[in-house]
Amino acid sequence: MRVHSCFVILADKDYVYDAPCDFSDGKWVRDKRGPLYNGTTCATIKESQNCINNGRHDSSYLYWRWTPSQCHFPRFDPNTFLQLINDKRVAFVGDSLARNQIESLLCLLATASTPKRVHHKGCRRWHFTSHNASLSLYWSPFLVQGLQRSSTGTLHNIMHLDRVNEKWVRDVDQMDLIVLSVGNWFLVPSVYYEGGKVLGCLNCHDLEYTDIGFYGPLRKALRTTLNSIIEKKVGKGNGIDVIVRTFSPSHFEGDWDKGGTCSKTRPYRQGEMQPGEVDGEIRRIEMEEVENAKAKVKQLGGFRLEALDVTKLAWLRPDGHPGAYMNPFPFANGVPKHVQNDCVHWCLPGPIDSWNEIFLEIMKKWEKQPRV
Ligand SMILES: *[C@@H]1O[C@H](CO)[C@@H](O)[C@H](O)[C@H]1NC(C)=O
Ligand SMILES: *[C@@H]1O[C@H](CO)[C@@H](O)[C@H](O)[C@H]1NC(C)=O
């Protein structure tokens with residue numbers, strides 16, 4: 001067993017790592033180079049995340065770089081990423097943060113090769129002809145089967161914690177790498193089912209079910225998901241790589257549903273604020289389930305699994321959300337009485353780009369080790 005610090009061997013112009021390195025431990029430091037793309041160079045930014053085009057004028061939030069304390073962390077290299085996904089099918093599965101991350105990745109990769117939108121039933125898909133690689137996005141905010149609450153439908157989410165959502169899992173045979181994104185939809189009122197029976201609920205005051213909170217249900221949903229991927233893929237054919245991206249905290253000052261805003265223009269300083277208890281607990285559950293699944297497949301082979309641990313670095317960036325700039329020029333006619341704010345998703349470009357930089361480092365590390 002090697003030592004657990006991160007020592008490096010110089011090889012050509014890149015660094016090779018001999019020991020695991022914790023990319024989640026670090027800080028944001030000023031970097032005058034700024035992002036690799038912008039709303040002019042990237043055509044696929046969703047309007048509600050295109051903060052600069054929507055009139056956000058402070059730009060200093062673009063000039064910070066995540067700097068892990070123990071690891072060499074090269075700037076995102078789109079060509080290296082594309083080489084690593086050559087002939088591969090990458091799927092992002094989950095909630096709208098999955099979409100946010102894939103859109104960041106599309107912009108980062110588009111600086112080297114233009115993706116082509118292709119039509120496919122059940123998901124959005126882009127193809128990089130240069131590398132015969134595809135990126136797909138599956139909407140499945142609980143990962144398991146269920147029904148989202150909505151203003152016109154049910155007041156609560158309905159979730160079947162022991163049944164994975166067929167919508168994406170039926171395509172697992174056509175995936176080489178899956179990035180899972182889950183968490184935010186578990187914070188709103190829900191009724192949970194297991195074995196077809198009600199297990200309990202979250203904030204369902206109008207119903208006579210026991211409130212069981214959402215930590216247990218989230219753990220079950222993630223376990224069901226990882227187990228189904230293992231069942232479908234492990235020991236069959238070419239195996240699969242899975243990434244669980246940990247919880248992305250939001251930064252509402254005030255209640256999210258009562259006009260809360262996020263108007264900060266710089267990252268938190270070290271020690272200025274402590275991460276929320278809920279953010280930390282969701283992350284802990286996700287990390288534990290990744291470890292549980294790793295232990296389960298240790299003897300089997302064909303499966304590589306890693307947490308993409310972004311909770312801390314994302315938490316430190318209250319300045320990275322669209323806020324009022326989720327809409328074009330929200331203050332064009334003065335300050336309106338009610339301004340809708342998005343303090344959940346991330347501006348593009350923005351701090352979310354660092355998630356894909358770490359994603360790339362995980363793949364580089366995988367290249368050097370066989371599947372467990
Ligand atoms: C976007 O990036 C391009 C290329 O780096 C640059 O020429 C252009 O000025 C940028 N546009 C904005 C609005 O920052
Ligand atoms: C392109 O990639 C797919 C898998 O993603 C593979 O099945 C196919 O053979 C590849 N095509 C070529 C021409 O290599």
# chains A, B, ... in the order shown; residues from 1 in each chain; ligands from 1

call {"tool": "residues_near_ligand", "arguments": {"ligand": "ligand 2", "cutoff": "12 Å", "atoms": "only C-alpha atoms and all ligand atoms", "output": "list in words"}}
result
Ile85, Asn86, Asp87, Lys88, Arg89, Val90, Ala91, His127, Phe128, Thr129, Ser130, His131, Asn132, Ala133, Ser134, Leu135, Ser136, Asp173, Gln174, Met175, Asp176, Leu177 and Asn238 of chain A

call {"tool": "residues_near_ligand", "arguments": {"ligand": "ligand 1", "cutoff": "7 Å", "atoms": "only C-alpha atoms and all ligand atoms", "output": "CSV table (one decimal) with N, CA, C and O atoms, in the first residue's frame"}}
result
chain,number,residue,atom,x,y,z
A,37,TYR,N,-15.1,29.6,-22.4
A,37,TYR,CA,-16.1,29.9,-23.3
A,37,TYR,C,-17.0,31.0,-22.8
A,37,TYR,O,-16.9,31.4,-21.7
A,38,ASN,N,-17.8,31.5,-23.7
A,38,ASN,CA,-18.9,32.5,-23.2
A,38,ASN,C,-20.1,32.4,-24.1
A,38,ASN,O,-20.2,31.5,-25.0
A,39,GLY,N,-21.1,33.2,-23.8
A,39,GLY,CA,-22.4,33.1,-24.5
A,39,GLY,C,-22.3,33.4,-26.0
A,39,GLY,O,-23.2,33.0,-26.7
A,40,THR,N,-21.2,33.9,-26.4
A,40,THR,CA,-21.0,34.2,-27.9
A,40,THR,C,-20.4,32.9,-28.5
A,40,THR,O,-20.9,32.5,-29.6
A,41,THR,N,-19.5,32.3,-27.9
A,41,THR,CA,-18.8,31.2,-28.5
A,41,THR,C,-19.5,29.9,-28.3
A,41,THR,O,-19.3,29.0,-29.1

call {"tool": "residues_around", "arguments": {"residues": "range 64-76 of chain A", "least_positions_apart": "5", "cutoff": "10 Å", "atoms": "only C-alpha atoms", "output": "ChimeraX atom specification"}}
result
/A:5-8,14-17,19-36,81,108-109,266-267,313-314,317,350-351,353-361

call {"tool": "write_last_selection", "arguments": {"atoms": "N, CA and C atoms", "output": "compact mmCIF listing (two decimals), in the first residue's frame"}}
result
# COMPACT_ATOMS: atom_id res chain seq x y z
N SER A 5 -0.62 10.42 0.68
CA SER A 5 -0.49 11.79 0.24
C SER A 5 -0.36 11.76 -1.28
N CYS A 6 -0.32 12.93 -1.86
CA CYS A 6 -0.40 12.99 -3.30
C CYS A 6 0.95 13.37 -3.86
N PHE A 7 1.84 12.43 -4.07
CA PHE A 7 3.12 12.84 -4.63
C PHE A 7 3.13 12.61 -6.13
N VAL A 8 3.94 13.38 -6.80
CA VAL A 8 3.84 13.41 -8.25
C VAL A 8 5.16 13.00 -8.91
N ASP A 14 2.98 16.62 -18.49
CA ASP A 14 1.84 16.36 -17.62
C ASP A 14 2.33 15.71 -16.33
N TYR A 15 1.45 15.61 -15.36
CA TYR A 15 1.82 14.96 -14.12
C TYR A 15 1.10 13.63 -14.00
N VAL A 16 1.75 12.68 -13.41
CA VAL A 16 1.14 11.37 -13.20
C VAL A 16 0.99 11.18 -11.70
N TYR A 17 -0.16 10.70 -11.27
CA TYR A 17 -0.39 10.56 -9.84
C TYR A 17 -0.20 9.14 -9.38
N ALA A 19 -0.87 8.31 -6.05
CA ALA A 19 -1.75 8.05 -4.92
C ALA A 19 -3.04 8.82 -5.15
N PRO A 20 -4.14 8.36 -4.54
CA PRO A 20 -5.39 9.08 -4.73
C PRO A 20 -5.28 10.51 -4.20
N CYS A 21 -6.00 11.38 -4.85
CA CYS A 21 -5.93 12.77 -4.46
C CYS A 21 -7.35 13.27 -4.23
N ASP A 22 -7.54 14.03 -3.17
CA ASP A 22 -8.88 14.51 -2.84
C ASP A 22 -9.14 15.87 -3.49
N PHE A 23 -9.85 15.84 -4.61
CA PHE A 23 -10.10 17.08 -5.34
C PHE A 23 -11.14 17.97 -4.65
N SER A 24 -11.81 17.41 -3.65
CA SER A 24 -12.85 18.20 -2.99
C SER A 24 -12.27 19.08 -1.89
N ASP A 25 -11.02 18.86 -1.55
CA ASP A 25 -10.39 19.63 -0.48
C ASP A 25 -9.53 20.73 -1.12
N GLY A 26 -9.97 21.96 -0.99
CA GLY A 26 -9.21 23.03 -1.62
C GLY A 26 -9.85 24.38 -1.37
N LYS A 27 -9.49 25.35 -2.19
CA LYS A 27 -10.12 26.67 -2.06
C LYS A 27 -10.20 27.37 -3.42
N TRP A 28 -11.04 28.39 -3.48
CA TRP A 28 -11.16 29.19 -4.69
C TRP A 28 -10.12 30.29 -4.65
N VAL A 29 -9.32 30.39 -5.70
CA VAL A 29 -8.33 31.47 -5.75
C VAL A 29 -8.55 32.29 -7.03
N ARG A 30 -8.19 33.53 -6.95
CA ARG A 30 -8.32 34.44 -8.08
C ARG A 30 -7.55 33.90 -9.28
N ASP A 31 -8.12 34.03 -10.48
CA ASP A 31 -7.44 33.58 -11.69
C ASP A 31 -7.85 34.51 -12.82
N LYS A 32 -6.90 35.28 -13.32
CA LYS A 32 -7.27 36.30 -14.31
C LYS A 32 -7.56 35.72 -15.70
N ARG A 33 -7.29 34.40 -15.89
CA ARG A 33 -7.52 33.82 -17.22
C ARG A 33 -9.01 33.72 -17.58
N GLY A 34 -9.84 33.53 -16.59
CA GLY A 34 -11.28 33.46 -16.89
C GLY A 34 -11.69 32.20 -17.62
N PRO A 35 -12.99 32.12 -17.96
CA PRO A 35 -13.55 30.88 -18.52
C PRO A 35 -13.07 30.57 -19.94
N LEU A 36 -13.27 29.32 -20.35
CA LEU A 36 -12.86 28.86 -21.69
C LEU A 36 -13.86 29.24 -22.77
N PHE A 81 -10.31 15.24 -22.91
CA PHE A 81 -11.63 14.70 -22.55
C PHE A 81 -12.21 13.90 -23.71
N LEU A 108 -17.64 23.49 -22.93
CA LEU A 108 -16.20 23.27 -22.77
C LEU A 108 -15.66 22.46 -23.95
N LEU A 109 -16.39 21.41 -24.37
CA LEU A 109 -15.92 20.54 -25.44
C LEU A 109 -16.04 21.22 -26.81
N ARG A 266 -19.08 37.56 -4.61
CA ARG A 266 -17.80 36.88 -4.44
C ARG A 266 -18.00 35.61 -3.61
N PRO A 267 -17.04 34.67 -3.71
CA PRO A 267 -17.15 33.44 -2.93
C PRO A 267 -17.10 33.72 -1.44
N LEU A 313 -17.09 22.69 -2.76
CA LEU A 313 -16.66 23.75 -3.67
C LEU A 313 -17.86 24.53 -4.21
N ALA A 314 -18.99 23.85 -4.35
CA ALA A 314 -20.20 24.54 -4.81
C ALA A 314 -20.78 25.41 -3.70
N ARG A 317 -19.68 29.02 -3.32
CA ARG A 317 -19.92 29.95 -4.42
C ARG A 317 -21.35 30.53 -4.47
N GLY A 350 -19.33 29.50 -15.43
CA GLY A 350 -19.41 29.73 -14.00
C GLY A 350 -18.75 28.62 -13.22
N PRO A 351 -18.94 28.64 -11.89
CA PRO A 351 -18.25 27.66 -11.04
C PRO A 351 -18.56 26.20 -11.39
N ASP A 353 -18.35 24.82 -14.12
CA ASP A 353 -17.35 24.30 -15.06
C ASP A 353 -16.28 23.48 -14.34
N SER A 354 -16.03 23.84 -13.07
CA SER A 354 -15.01 23.10 -12.32
C SER A 354 -15.43 21.64 -12.07
N TRP A 355 -16.74 21.40 -12.03
CA TRP A 355 -17.21 20.01 -11.85
C TRP A 355 -16.68 19.14 -12.98
N ASN A 356 -16.72 19.69 -14.19
CA ASN A 356 -16.27 18.91 -15.34
C ASN A 356 -14.76 18.80 -15.39
N GLU A 357 -14.07 19.75 -14.80
CA GLU A 357 -12.61 19.62 -14.70
C GLU A 357 -12.26 18.45 -13.79
N ILE A 358 -13.00 18.30 -12.69
CA ILE A 358 -12.75 17.17 -11.79
C ILE A 358 -13.20 15.86 -12.45
N PHE A 359 -14.32 15.91 -13.15
CA PHE A 359 -14.81 14.75 -13.91
C PHE A 359 -13.69 14.23 -14.83
N LEU A 360 -13.04 15.15 -15.52
CA LEU A 360 -11.93 14.76 -16.41
C LEU A 360 -10.80 14.10 -15.61
N GLU A 361 -10.48 14.65 -14.45
CA GLU A 361 -9.40 14.06 -13.64
C GLU A 361 -9.77 12.64 -13.19

call {"tool": "residues_around", "arguments": {"residues": "Tyr192 in chain A", "least_positions_apart": "2", "cutoff": "9 Å", "atoms": "only C-alpha atoms", "output": "list in words"}}
result
Asn157, Ile158, Met159, His160, Leu161, Ser190, Glu194, Lys197, Val198, Leu199, Gly200, Cys201, Leu202 and Pro217 of chain A

call {"tool": "closest_residue", "arguments": {"among": "A:Phe247, A:Asn79, A:Leu316, A:Arg149", "to": "Gly271 in chain A", "atoms": "only C-alpha atoms"}}
result
A:Leu316

call {"tool": "select_by_dssp", "arguments": {"residues": "range 241-298 of chain A", "states": "strand (DSSP E or B)", "output": "ChimeraX atom specification"}}
result
/A:241-245,253,261

call {"tool": "write_last_selection", "arguments": {"atoms": "N, CA, C and O atoms", "output": "PDB file, in the first residue's frame"}}
result
ATOM      1  N   ASP A 241     -18.875   2.499 -16.259  1.00  0.00           N
ATOM      2  CA  ASP A 241     -18.336   3.450 -15.287  1.00  0.00           C
ATOM      3  C   ASP A 241     -19.470   4.327 -14.791  1.00  0.00           C
ATOM      4  O   ASP A 241     -20.315   4.755 -15.574  1.00  0.00           O
ATOM      5  N   VAL A 242     -19.476   4.569 -13.488  1.00  0.00           N
ATOM      6  CA  VAL A 242     -20.557   5.363 -12.904  1.00  0.00           C
ATOM      7  C   VAL A 242     -19.973   6.461 -12.013  1.00  0.00           C
ATOM      8  O   VAL A 242     -19.036   6.214 -11.256  1.00  0.00           O
ATOM      9  N   ILE A 243     -20.538   7.632 -12.139  1.00  0.00           N
ATOM     10  CA  ILE A 243     -20.154   8.749 -11.285  1.00  0.00           C
ATOM     11  C   ILE A 243     -21.397   9.250 -10.550  1.00  0.00           C
ATOM     12  O   ILE A 243     -22.445   9.469 -11.174  1.00  0.00           O
ATOM     13  N   VAL A 244     -21.282   9.387  -9.245  1.00  0.00           N
ATOM     14  CA  VAL A 244     -22.360  10.006  -8.470  1.00  0.00           C
ATOM     15  C   VAL A 244     -21.889  11.409  -8.111  1.00  0.00           C
ATOM     16  O   VAL A 244     -20.953  11.580  -7.335  1.00  0.00           O
ATOM     17  N   ARG A 245     -22.508  12.398  -8.713  1.00  0.00           N
ATOM     18  CA  ARG A 245     -22.136  13.770  -8.417  1.00  0.00           C
ATOM     19  C   ARG A 245     -22.853  14.160  -7.124  1.00  0.00           C
ATOM     20  O   ARG A 245     -24.063  14.025  -7.032  1.00  0.00           O
ATOM     21  N   GLU A 253     -31.042  33.594   0.102  1.00  0.00           N
ATOM     22  CA  GLU A 253     -31.073  34.390   1.326  1.00  0.00           C
ATOM     23  C   GLU A 253     -32.554  34.690   1.528  1.00  0.00           C
ATOM     24  O   GLU A 253     -33.151  35.426   0.771  1.00  0.00           O
ATOM     25  N   THR A 261     -33.339  35.671  -2.423  1.00  0.00           N
ATOM     26  CA  THR A 261     -32.438  36.090  -3.491  1.00  0.00           C
ATOM     27  C   THR A 261     -31.047  35.510  -3.250  1.00  0.00           C
ATOM     28  O   THR A 261     -30.793  34.902  -2.213  1.00  0.00           O
TER      29      THR A 261
END

call {"tool": "closest_residue", "arguments": {"among": "A:Gly302, A:Gly146, A:Pro328, A:Gly334", "to": "Gly196 in chain A", "atoms": "only C-alpha atoms"}}
result
A:Gly146

call {"tool": "select_by_dssp", "arguments": {"residues": "range 161-260 of chain A", "states": "helix (DSSP H, G or I)", "output": "MDAnalysis selection string"}}
result
chainID A and resid 166:169 172:174 184:187 215:233

call {"tool": "residues_around", "arguments": {"residues": "Cys51 in chain A", "least_positions_apart": "5", "cutoff": "8 Å", "atoms": "only C-alpha atoms", "output": "ChimeraX atom specification"}}
result
/A:56,322,325-326,347-348

call {"tool": "closest_residue", "arguments": {"among": "A:Leu82, A:Leu155, A:Val144, A:Leu180", "to": "Gly94 in chain A", "atoms": "only C-alpha atoms"}}
result
A:Leu180

call {"tool": "residues_around", "arguments": {"residues": "Glu286 in chain A", "least_positions_apart": "3", "cutoff": "12 Å", "atoms": "only C-alpha atoms", "output": "PyMOL selection string"}}
result
chain A and resi 180-183+215-223+225-226+243-248+279-283+289-293+306-311

call {"tool": "decode", "arguments": {"residues": "range 326-352 of chain A", "atoms": "N, CA and C atoms", "output": "short mmCIF file (atom, residue, chain, number, x, y, z; two decimals), in the first residue's frame"}}
result
data_model
loop_
_atom_site.label_atom_id
_atom_site.label_comp_id
_atom_site.auth_asym_id
_atom_site.auth_seq_id
_atom_site.Cartn_x
_atom_site.Cartn_y
_atom_site.Cartn_z
N MET A 326 -31.87 34.99 -14.28
CA MET A 326 -32.45 33.82 -14.94
C MET A 326 -33.37 34.29 -16.07
N ASN A 327 -33.76 35.56 -15.99
CA ASN A 327 -34.56 36.17 -17.05
C ASN A 327 -33.77 37.32 -17.68
N PRO A 328 -34.00 37.59 -18.97
CA PRO A 328 -33.26 38.66 -19.62
C PRO A 328 -33.59 40.02 -19.02
N PHE A 329 -32.58 40.76 -18.70
CA PHE A 329 -32.69 42.16 -18.24
C PHE A 329 -33.83 42.39 -17.26
N PRO A 330 -33.74 41.75 -16.09
CA PRO A 330 -34.84 41.84 -15.12
C PRO A 330 -35.07 43.26 -14.58
N PHE A 331 -34.04 44.10 -14.67
CA PHE A 331 -34.20 45.44 -14.09
C PHE A 331 -34.26 46.52 -15.17
N ALA A 332 -34.62 46.14 -16.39
CA ALA A 332 -34.64 47.08 -17.50
C ALA A 332 -35.62 48.23 -17.24
N ASN A 333 -36.69 47.92 -16.51
CA ASN A 333 -37.68 48.98 -16.22
C ASN A 333 -37.71 49.32 -14.74
N GLY A 334 -36.52 49.41 -14.13
CA GLY A 334 -36.46 49.67 -12.70
C GLY A 334 -36.58 48.37 -11.93
N VAL A 335 -36.61 48.48 -10.60
CA VAL A 335 -36.68 47.27 -9.78
C VAL A 335 -38.13 46.90 -9.54
N PRO A 336 -38.57 45.80 -10.14
CA PRO A 336 -39.96 45.39 -9.95
C PRO A 336 -40.21 44.90 -8.52
N LYS A 337 -41.48 44.85 -8.12
CA LYS A 337 -41.84 44.47 -6.76
C LYS A 337 -41.47 43.01 -6.50
N HIS A 338 -41.76 42.15 -7.45
CA HIS A 338 -41.43 40.73 -7.29
C HIS A 338 -40.47 40.30 -8.38
N VAL A 339 -39.30 39.86 -7.96
CA VAL A 339 -38.33 39.36 -8.92
C VAL A 339 -38.10 37.89 -8.63
N GLN A 340 -38.24 37.07 -9.66
CA GLN A 340 -37.98 35.65 -9.50
C GLN A 340 -36.47 35.43 -9.52
N ASN A 341 -35.98 34.61 -8.58
CA ASN A 341 -34.54 34.36 -8.48
C ASN A 341 -34.24 32.88 -8.57
N ASP A 342 -33.22 32.54 -9.32
CA ASP A 342 -32.74 31.15 -9.36
C ASP A 342 -31.42 31.08 -8.60
N CYS A 343 -31.48 30.50 -7.41
CA CYS A 343 -30.27 30.34 -6.59
C CYS A 343 -29.90 28.87 -6.45
N VAL A 344 -30.39 28.07 -7.40
CA VAL A 344 -30.16 26.62 -7.39
C VAL A 344 -29.21 26.23 -8.53
N HIS A 345 -29.55 26.68 -9.73
CA HIS A 345 -28.71 26.35 -10.90
C HIS A 345 -27.53 27.32 -10.96
N TRP A 346 -26.66 27.09 -11.94
CA TRP A 346 -25.41 27.86 -12.01
C TRP A 346 -25.29 28.55 -13.35
N CYS A 347 -24.76 29.78 -13.31
CA CYS A 347 -24.50 30.52 -14.54
C CYS A 347 -23.51 29.75 -15.41
N LEU A 348 -23.68 29.88 -16.73
CA LEU A 348 -22.71 29.35 -17.69
C LEU A 348 -22.17 30.52 -18.51
N PRO A 349 -20.85 30.67 -18.55
CA PRO A 349 -19.86 29.94 -17.75
C PRO A 349 -20.00 30.28 -16.27
N GLY A 350 -19.33 29.50 -15.43
CA GLY A 350 -19.41 29.73 -14.00
C GLY A 350 -18.75 28.62 -13.22
N PRO A 351 -18.94 28.64 -11.89
CA PRO A 351 -18.25 27.66 -11.04
C PRO A 351 -18.56 26.20 -11.39
N ILE A 352 -19.69 25.95 -12.04
CA ILE A 352 -20.06 24.57 -12.39
C ILE A 352 -19.06 23.98 -13.39
#
